[in-house]
>>> print(open('data_21.cif').read())   # mmCIF, C-alpha atoms
data_query
#
loop_
_atom_site.group_PDB
_atom_site.id
_atom_site.type_symbol
_atom_site.label_atom_id
_atom_site.label_comp_id
_atom_site.auth_asym_id
_atom_site.auth_seq_id
_atom_site.Cartn_x
_atom_site.Cartn_y
_atom_site.Cartn_z
ATOM 1 C CA MET A 1 21.387 20.329 -11.566
ATOM 2 C CA ALA A 2 22.713 21.062 -15.041
ATOM 3 C CA ALA A 3 20.298 23.973 -15.402
ATOM 4 C CA PHE A 4 21.390 25.449 -12.061
ATOM 5 C CA ALA A 5 25.073 24.944 -12.867
ATOM 6 C CA LEU A 6 24.708 26.635 -16.241
ATOM 7 C CA ALA A 7 22.732 29.474 -14.676
ATOM 8 C CA ALA A 8 25.512 29.999 -12.109
ATOM 9 C CA LEU A 9 28.168 30.153 -14.834
ATOM 10 C CA LEU A 10 26.113 32.599 -16.893
ATOM 11 C CA TRP A 11 25.575 34.752 -13.817
ATOM 12 C CA LEU A 12 29.326 35.308 -13.595
ATOM 13 C CA CYS A 13 29.718 36.533 -17.168
ATOM 14 C CA ALA A 14 26.270 37.553 -18.397
ATOM 15 C CA PRO A 15 23.759 37.829 -15.520
ATOM 16 C CA PHE A 16 20.866 38.725 -17.823
ATOM 17 C CA LEU A 17 21.209 35.319 -19.525
ATOM 18 C CA ALA A 18 21.237 33.289 -16.300
ATOM 19 C CA VAL A 19 17.468 32.989 -16.308
ATOM 20 C CA LEU A 20 17.433 31.128 -19.655
ATOM 21 C CA PRO A 21 18.524 27.630 -18.495
ATOM 22 C CA LEU A 22 16.191 27.824 -15.495
ATOM 23 C CA ALA A 23 13.299 28.899 -17.709
ATOM 24 C CA GLY A 24 14.147 26.065 -20.098
ATOM 25 C CA PHE A 25 14.066 23.554 -17.248
ATOM 26 C CA VAL A 26 10.701 24.813 -15.995
ATOM 27 C CA GLY A 27 9.349 24.724 -19.540
ATOM 28 C CA ALA A 28 10.524 21.131 -19.991
ATOM 29 C CA CYS A 29 8.818 20.130 -16.725
ATOM 30 C CA LEU A 30 5.565 21.666 -17.926
ATOM 31 C CA LEU A 31 5.730 20.136 -21.399
ATOM 32 C CA ALA A 32 7.006 16.646 -20.526
ATOM 33 C CA PRO A 33 3.643 15.235 -19.314
ATOM 34 C CA ALA A 34 2.130 15.961 -22.738
ATOM 35 C CA PHE A 35 4.610 13.639 -24.483
ATOM 36 C CA PRO A 36 3.935 10.005 -23.467
ATOM 37 C CA GLY A 37 7.237 8.713 -24.811
ATOM 38 C CA TRP A 38 9.500 11.366 -23.277
ATOM 39 C CA ALA A 39 11.467 9.811 -20.430
ATOM 40 C CA PHE A 40 12.065 13.140 -18.694
ATOM 41 C CA PHE A 41 11.045 12.205 -15.151
ATOM 42 C CA TYR A 42 11.779 8.431 -15.224
ATOM 43 C CA PRO A 43 12.440 5.678 -17.798
ATOM 44 C CA VAL A 44 9.458 4.995 -20.073
ATOM 45 C CA LEU A 45 9.089 2.222 -22.641
ATOM 46 C CA CYS A 46 7.177 3.422 -25.678
ATOM 47 C CA HIS A 47 8.677 1.387 -28.523
ATOM 48 C CA GLY A 48 9.896 -2.136 -29.094
ATOM 49 C CA ALA A 49 13.484 -3.191 -28.567
ATOM 50 C CA ARG A 50 15.734 -2.600 -31.566
ATOM 51 C CA GLY A 51 17.002 -5.786 -33.141
ATOM 52 C CA PRO A 52 16.265 -8.516 -35.686
ATOM 53 C CA GLU A 53 14.073 -10.454 -33.237
ATOM 54 C CA SER A 54 11.474 -7.648 -33.235
ATOM 55 C CA ALA A 55 11.688 -6.741 -36.925
ATOM 56 C CA GLY A 56 8.241 -6.482 -38.468
ATOM 57 C CA CYS A 57 6.541 -6.846 -35.072
ATOM 58 C CA ILE A 58 4.162 -4.619 -33.167
ATOM 59 C CA ALA A 59 2.381 -4.929 -29.810
ATOM 60 C CA LEU A 60 -1.349 -4.350 -29.413
ATOM 61 C CA THR A 61 -2.331 -2.941 -26.023
ATOM 62 C CA PHE A 62 -5.839 -2.270 -24.688
ATOM 63 C CA ASP A 63 -6.496 0.085 -21.774
ATOM 64 C CA ASP A 64 -9.293 0.600 -19.233
ATOM 65 C CA GLY A 65 -10.870 -2.891 -19.093
ATOM 66 C CA PRO A 66 -12.044 -5.416 -18.362
ATOM 67 C CA ASP A 67 -15.531 -4.688 -19.640
ATOM 68 C CA PRO A 68 -18.509 -7.073 -19.556
ATOM 69 C CA VAL A 69 -19.673 -5.954 -23.009
ATOM 70 C CA SER A 70 -16.538 -5.193 -25.036
ATOM 71 C CA THR A 71 -14.055 -7.711 -23.617
ATOM 72 C CA PRO A 72 -15.779 -10.935 -24.821
ATOM 73 C CA LEU A 73 -16.260 -9.479 -28.307
ATOM 74 C CA LEU A 74 -12.691 -8.200 -28.450
ATOM 75 C CA LEU A 75 -11.272 -11.552 -27.328
ATOM 76 C CA ALA A 76 -13.259 -13.327 -30.024
ATOM 77 C CA LEU A 77 -11.987 -10.893 -32.667
ATOM 78 C CA LEU A 78 -8.366 -11.295 -31.594
ATOM 79 C CA ALA A 79 -8.767 -15.079 -31.579
ATOM 80 C CA ARG A 80 -10.047 -15.046 -35.169
ATOM 81 C CA HIS A 81 -6.897 -13.251 -36.292
ATOM 82 C CA GLY A 82 -4.570 -15.103 -33.945
ATOM 83 C CA PHE A 83 -3.359 -11.807 -32.460
ATOM 84 C CA PRO A 84 -1.972 -11.695 -28.895
ATOM 85 C CA ALA A 85 -2.375 -8.508 -26.871
ATOM 86 C CA THR A 86 -1.599 -6.866 -23.560
ATOM 87 C CA PHE A 87 -4.486 -5.528 -21.467
ATOM 88 C CA PHE A 88 -3.737 -2.681 -19.059
ATOM 89 C CA VAL A 89 -6.548 -3.115 -16.571
ATOM 90 C CA ALA A 90 -8.017 -0.945 -13.817
ATOM 91 C CA GLY A 91 -8.105 -2.753 -10.477
ATOM 92 C CA ARG A 92 -11.624 -1.612 -9.636
ATOM 93 C CA ARG A 93 -12.940 -3.150 -12.848
ATOM 94 C CA VAL A 94 -11.021 -6.364 -12.161
ATOM 95 C CA ARG A 95 -12.993 -6.666 -8.910
ATOM 96 C CA GLN A 96 -16.254 -5.885 -10.708
ATOM 97 C CA TYR A 97 -15.729 -8.267 -13.642
ATOM 98 C CA PRO A 98 -13.434 -11.109 -12.556
ATOM 99 C CA ALA A 99 -14.787 -13.507 -15.178
ATOM 100 C CA GLN A 100 -13.590 -11.190 -17.944
ATOM 101 C CA LEU A 101 -10.112 -11.009 -16.457
ATOM 102 C CA SER A 102 -10.070 -14.805 -16.301
ATOM 103 C CA ALA A 103 -11.041 -14.967 -19.960
ATOM 104 C CA ILE A 104 -8.213 -12.619 -20.944
ATOM 105 C CA LEU A 105 -5.645 -14.779 -19.162
ATOM 106 C CA ALA A 106 -7.139 -18.034 -20.449
ATOM 107 C CA ALA A 107 -6.761 -16.732 -24.016
ATOM 108 C CA GLY A 108 -3.020 -16.272 -23.455
ATOM 109 C CA HIS A 109 -2.909 -12.482 -23.305
ATOM 110 C CA GLU A 110 -0.808 -10.414 -20.907
ATOM 111 C CA ILE A 111 -1.936 -8.086 -18.130
ATOM 112 C CA GLY A 112 -0.595 -4.688 -17.143
ATOM 113 C CA ASN A 113 -1.371 -2.378 -14.195
ATOM 114 C CA HIS A 114 -3.397 0.724 -15.133
ATOM 115 C CA SER A 115 -4.123 2.068 -11.626
ATOM 116 C CA PHE A 116 -7.107 1.118 -9.483
ATOM 117 C CA THR A 117 -9.665 3.879 -10.034
ATOM 118 C CA HIS A 118 -8.394 5.429 -13.291
ATOM 119 C CA ALA A 119 -9.495 8.753 -11.788
ATOM 120 C CA PRO A 120 -9.438 11.641 -14.344
ATOM 121 C CA CYS A 121 -7.099 13.809 -12.258
ATOM 122 C CA ILE A 122 -4.955 11.065 -10.773
ATOM 123 C CA MET A 123 -1.813 12.688 -12.182
ATOM 124 C CA PHE A 124 -2.185 15.496 -9.634
ATOM 125 C CA ARG A 125 -1.965 13.107 -6.668
ATOM 126 C CA GLY A 126 1.156 12.538 -4.595
ATOM 127 C CA PRO A 127 3.404 9.461 -4.440
ATOM 128 C CA GLU A 128 1.464 7.904 -1.554
ATOM 129 C CA ARG A 129 -1.858 7.947 -3.416
ATOM 130 C CA LEU A 130 -0.249 6.726 -6.642
ATOM 131 C CA THR A 131 1.467 3.886 -4.811
ATOM 132 C CA GLN A 132 -1.873 2.924 -3.288
ATOM 133 C CA GLU A 133 -3.481 2.900 -6.746
ATOM 134 C CA MET A 134 -0.825 0.525 -8.075
ATOM 135 C CA ARG A 135 -0.876 -1.640 -4.953
ATOM 136 C CA LEU A 136 -4.655 -2.068 -4.890
ATOM 137 C CA THR A 137 -4.592 -3.254 -8.495
ATOM 138 C CA ARG A 138 -1.770 -5.652 -7.676
ATOM 139 C CA ARG A 139 -3.863 -7.093 -4.844
ATOM 140 C CA ALA A 140 -6.943 -7.365 -7.060
ATOM 141 C CA LEU A 141 -4.897 -9.365 -9.564
ATOM 142 C CA SER A 142 -3.211 -11.560 -6.963
ATOM 143 C CA ARG A 143 -6.224 -13.888 -6.850
ATOM 144 C CA PHE A 144 -5.457 -14.784 -10.466
ATOM 145 C CA GLY A 145 -1.899 -15.793 -9.604
ATOM 146 C CA VAL A 146 -0.231 -13.141 -11.737
ATOM 147 C CA GLN A 147 1.444 -9.846 -10.923
ATOM 148 C CA PRO A 148 2.123 -7.335 -13.716
ATOM 149 C CA ALA A 149 5.580 -5.919 -14.194
ATOM 150 C CA PHE A 150 4.293 -3.131 -16.473
ATOM 151 C CA PHE A 151 2.381 0.012 -15.508
ATOM 152 C CA ARG A 152 0.724 2.461 -17.867
ATOM 153 C CA PRO A 153 -0.231 5.871 -16.462
ATOM 154 C CA PRO A 154 -3.878 6.744 -17.062
ATOM 155 C CA VAL A 155 -4.180 8.890 -20.188
ATOM 156 C CA GLY A 156 -0.468 8.256 -20.741
ATOM 157 C CA ILE A 157 0.492 11.350 -18.736
ATOM 158 C CA ASN A 158 3.869 11.120 -16.998
ATOM 159 C CA VAL A 159 4.352 13.166 -13.835
ATOM 160 C CA PRO A 160 7.269 13.199 -11.340
ATOM 161 C CA ALA A 161 5.208 11.640 -8.524
ATOM 162 C CA TYR A 162 5.003 8.374 -10.468
ATOM 163 C CA ALA A 163 8.770 7.836 -10.151
ATOM 164 C CA GLU A 164 8.643 7.047 -6.422
ATOM 165 C CA ALA A 165 5.498 4.912 -6.755
ATOM 166 C CA LEU A 166 7.007 2.887 -9.619
ATOM 167 C CA SER A 167 10.138 2.284 -7.584
ATOM 168 C CA ARG A 168 8.140 1.143 -4.541
ATOM 169 C CA GLU A 169 6.029 -1.289 -6.570
ATOM 170 C CA GLN A 170 8.924 -2.362 -8.829
ATOM 171 C CA LEU A 171 7.011 -1.582 -11.989
ATOM 172 C CA ALA A 172 8.256 -0.460 -15.405
ATOM 173 C CA ALA A 173 6.391 2.412 -17.041
ATOM 174 C CA VAL A 174 5.065 1.597 -20.521
ATOM 175 C CA ASN A 175 3.327 4.045 -22.838
ATOM 176 C CA PHE A 176 2.874 3.845 -26.602
ATOM 177 C CA SER A 177 4.160 5.044 -29.950
ATOM 178 C CA CYS A 178 0.982 4.735 -32.043
ATOM 179 C CA ARG A 179 -2.532 5.764 -31.047
ATOM 180 C CA GLY A 180 -5.740 6.684 -32.812
ATOM 181 C CA ARG A 181 -6.753 9.457 -30.402
ATOM 182 C CA ASP A 182 -10.043 7.663 -29.813
ATOM 183 C CA MET A 183 -10.656 9.401 -26.465
ATOM 184 C CA GLY A 184 -11.359 6.113 -24.734
ATOM 185 C CA ASN A 185 -13.628 4.834 -27.548
ATOM 186 C CA ARG A 186 -15.605 8.069 -27.632
ATOM 187 C CA ARG A 187 -14.270 8.823 -31.128
ATOM 188 C CA VAL A 188 -14.140 5.559 -33.054
ATOM 189 C CA CYS A 189 -15.101 6.693 -36.564
ATOM 190 C CA GLY A 190 -12.023 6.535 -38.783
ATOM 191 C CA LEU A 191 -9.968 4.918 -36.032
ATOM 192 C CA SER A 192 -8.344 2.249 -38.216
ATOM 193 C CA ALA A 193 -7.433 4.695 -40.998
ATOM 194 C CA ARG A 194 -5.811 7.090 -38.530
ATOM 195 C CA MET A 195 -3.729 4.321 -36.992
ATOM 196 C CA LEU A 196 -2.734 2.459 -40.146
ATOM 197 C CA LYS A 197 -1.467 5.701 -41.653
ATOM 198 C CA ARG A 198 1.227 5.998 -38.996
ATOM 199 C CA LEU A 199 1.739 2.372 -37.927
ATOM 200 C CA ARG A 200 5.362 1.201 -38.176
ATOM 201 C CA PRO A 201 7.344 -1.898 -37.107
ATOM 202 C CA GLY A 202 8.224 -1.819 -33.422
ATOM 203 C CA ASP A 203 5.222 0.289 -32.452
ATOM 204 C CA ILE A 204 3.362 -0.169 -29.184
ATOM 205 C CA VAL A 205 -0.240 0.416 -30.231
ATOM 206 C CA LEU A 206 -2.767 2.017 -27.882
ATOM 207 C CA LEU A 207 -6.427 0.963 -28.058
ATOM 208 C CA HIS A 208 -9.210 0.726 -25.473
ATOM 209 C CA ASP A 209 -11.261 -2.144 -24.088
ATOM 210 C CA ARG A 210 -14.469 -0.420 -23.123
ATOM 211 C CA ALA A 211 -17.935 -0.327 -24.648
ATOM 212 C CA PRO A 212 -18.404 2.875 -26.666
ATOM 213 C CA ARG A 213 -21.312 5.153 -25.955
ATOM 214 C CA GLY A 214 -24.212 5.077 -28.348
ATOM 215 C CA GLY A 215 -25.664 1.643 -27.632
ATOM 216 C CA SER A 216 -25.248 -1.259 -30.029
ATOM 217 C CA GLY A 217 -24.566 1.097 -32.935
ATOM 218 C CA GLY A 218 -21.473 2.480 -31.278
ATOM 219 C CA LEU A 219 -20.312 -0.989 -30.326
ATOM 220 C CA GLU A 220 -20.723 -2.247 -33.887
ATOM 221 C CA ARG A 221 -18.775 0.712 -35.297
ATOM 222 C CA TRP A 222 -15.971 0.110 -32.823
ATOM 223 C CA LEU A 223 -15.760 -3.597 -33.639
ATOM 224 C CA ALA A 224 -15.739 -2.803 -37.362
ATOM 225 C CA GLU A 225 -12.859 -0.371 -36.836
ATOM 226 C CA VAL A 226 -10.827 -2.885 -34.815
ATOM 227 C CA GLU A 227 -11.520 -5.538 -37.458
ATOM 228 C CA SER A 228 -10.370 -3.126 -40.172
ATOM 229 C CA LEU A 229 -7.246 -2.362 -38.165
ATOM 230 C CA CYS A 230 -6.439 -6.062 -37.840
ATOM 231 C CA LEU A 231 -6.890 -6.579 -41.581
ATOM 232 C CA GLY A 232 -4.674 -3.582 -42.268
ATOM 233 C CA ILE A 233 -1.974 -4.934 -39.964
ATOM 234 C CA GLU A 234 -1.999 -8.195 -41.892
ATOM 235 C CA ALA A 235 -1.904 -6.334 -45.226
ATOM 236 C CA LYS A 236 1.170 -4.397 -44.075
ATOM 237 C CA GLY A 237 2.918 -7.673 -43.257
ATOM 238 C CA LEU A 238 3.242 -6.758 -39.589
ATOM 239 C CA ARG A 239 3.060 -9.394 -36.848
ATOM 240 C CA PRO A 240 1.464 -8.579 -33.485
ATOM 241 C CA VAL A 241 3.359 -10.108 -30.556
ATOM 242 C CA LEU A 242 3.043 -9.854 -26.799
ATOM 243 C CA LEU A 243 4.454 -6.687 -25.286
ATOM 244 C CA SER A 244 7.008 -8.723 -23.340
ATOM 245 C CA GLU A 245 8.350 -10.175 -26.587
ATOM 246 C CA LEU A 246 8.513 -6.819 -28.329
ATOM 247 C CA CYS A 247 10.320 -5.140 -25.417
ATOM 248 C CA GLY A 248 12.388 -8.135 -24.339
ATOM 249 C CA LEU A 249 11.167 -7.870 -20.741
ATOM 250 C CA PRO A 250 8.914 -10.151 -18.649
ATOM 251 C CA ALA A 251 5.382 -8.788 -18.343
ATOM 252 C CA HIS A 252 4.365 -10.853 -15.303
ATOM 253 C CA ARG A 253 5.816 -11.806 -11.960
ATOM 254 C CA HIS A 254 3.870 -14.889 -10.927
ATOM 255 C CA SER A 255 2.644 -14.834 -7.357
ATOM 256 C CA ALA A 256 2.754 -17.768 -4.969
ATOM 257 C CA GLN A 257 -0.988 -18.264 -5.264
ATOM 258 C CA ALA A 258 -2.050 -20.622 -8.028
ATOM 259 C CA PRO A 259 -3.835 -19.070 -11.014
ATOM 260 C CA ARG A 260 -7.608 -19.092 -10.818
ATOM 261 C CA HIS A 261 -9.078 -18.768 -14.288
ATOM 262 C CA SER A 262 -12.375 -20.390 -13.246
ATOM 263 C CA LEU A 263 -14.212 -18.407 -10.619
ATOM 264 C CA PRO A 264 -17.225 -19.527 -8.633
#
>>> encode(input="data_21.cif", output="structure tokens")
Amino acid sequence: MAAFALAALLWLCAPFLAVLPLAGFVGACLLAPAFPGWAFFYPVLCHGARGPESAGCIALTFDDGPDPVSTPLLLALLARHGFPATFFVAGRRVRQYPAQLSAILAAGHEIGNHSFTHAPCIMFRGPERLTQEMRLTRRALSRFGVQPAFFRPPVGINVPAYAEALSREQLAAVNFSCRGRDMGNRRVCGLSARMLKRLRPGDIVLLHDRAPRGGSGGLERWLAEVESLCLGIEAKGLRPVLLSELCGLPAHRHSAQAPRHSLP
């Protein structure tokens, strides 16, 4: 509306300039999806709340799981360091690997909604399809007695269609402020060094919970990088906390069904 109003005013005094605010608006719409922390289309959390309670804290988040190979190893690593984390899970993988989701919850970590299929081009779908993606994941998680309040768009790409779906499902969009550009664990070499170089208090850290390609060698490299990252976090004097604590918002809305961490 501001762009149209400014264009109308310019049309009265300098018609040749009227196109500039409209072009700027179109340009912003095209660029906004490439910036995960830019709340251009709807509110997006990408950094911890400002205040003394979050000083020196960060939040570790892991996308794309659960995974039958990487999740148990990752949980063991986090337990050794005493680090809590938030796992943004895909609903389809929750149905495939329920025991891993149970293990995440039993270890005291938080869960976020990361769509159902995590389809590569999901950002081009309309509000109805995006709502369905969020809703199917909510239903897959309902058997565990927990309903996420956070949603992370796949690949961190924000598009206007998410606004209506988020409103329907009453979810808060959460992205990140520090990532290693690991391409979903396809590029793990040097991951810890890339992240520690830019890691700052209050950051929401993006990592992935999926077995890297390359067999056991790739898995070992990934685990070594995550271990190095954890050691670097400790050396910097930073304290990982749950995402809900860092942002000052509840991560879960507990459903009426009792939690089921032990599945038949």
>>> residues_near_point(input="data_21.cif", point="(-17.1, 0.8, -32.5)", cutoff="10 Å", atoms="all atoms listed in the file", output="NGL selection string")
:A and (70 or 185-191 or 210-227)
>>> atom_distance(input="data_21.cif", atom1="CA of Ile111 in chain A", atom2="CA of Glu245 in chain A")
13.5 Å
>>> resolve_selection(input="data_21.cif", expression="the PyMOL selection byres ((chain A and resi 130) around 9)", output="list in words")
Ser115, Ile122, Met123, Arg125, Gly126, Pro127, Glu128, Arg129, Thr131, Gln132, Glu133, Met134, Arg135, Ala161, Tyr162, Glu164, Ala165 and Leu166 of chain A
>>> closest_residue(input="data_21.cif", among="A:Ala251, A:Ala163, A:Val89, A:Cys13", to="Val44 in chain A", atoms="only C-alpha atoms")
A:Ala163
>>> atom_distance(input="data_21.cif", atom1="CA of Cys46 in chain A", atom2="CA of Leu246 in chain A")
10.7 Å
>>> residues_around(input="data_21.cif", residues="Asp64 in chain A", least_positions_apart="5", cutoff="8 Å", atoms="all atoms listed in the file", output="ChimeraX atom specification")
/A:88-90,114,118,208-210
>>> axis_aligned_box(input="data_21.cif", around="range 60-67 of chain A", padding_each_side="5 Å", output="JSON")
{"center_x": -8.4, "center_y": -2.4, "center_z": -23.9, "size_x": 24.2, "size_y": 16.0, "size_z": 21.1}
>>> closest_residue(input="data_21.cif", among="A:Gly37, A:Pro43, A:Gly91, A:Gly232", to="Pro160 in chain A", atoms="only C-alpha atoms")
A:Pro43
>>> closest_residue(input="data_21.cif", among="A:Val69, A:Ile157, A:Leu78, A:Val174", to="Leu229 in chain A", atoms="all atoms listed in the file")
A:Leu78
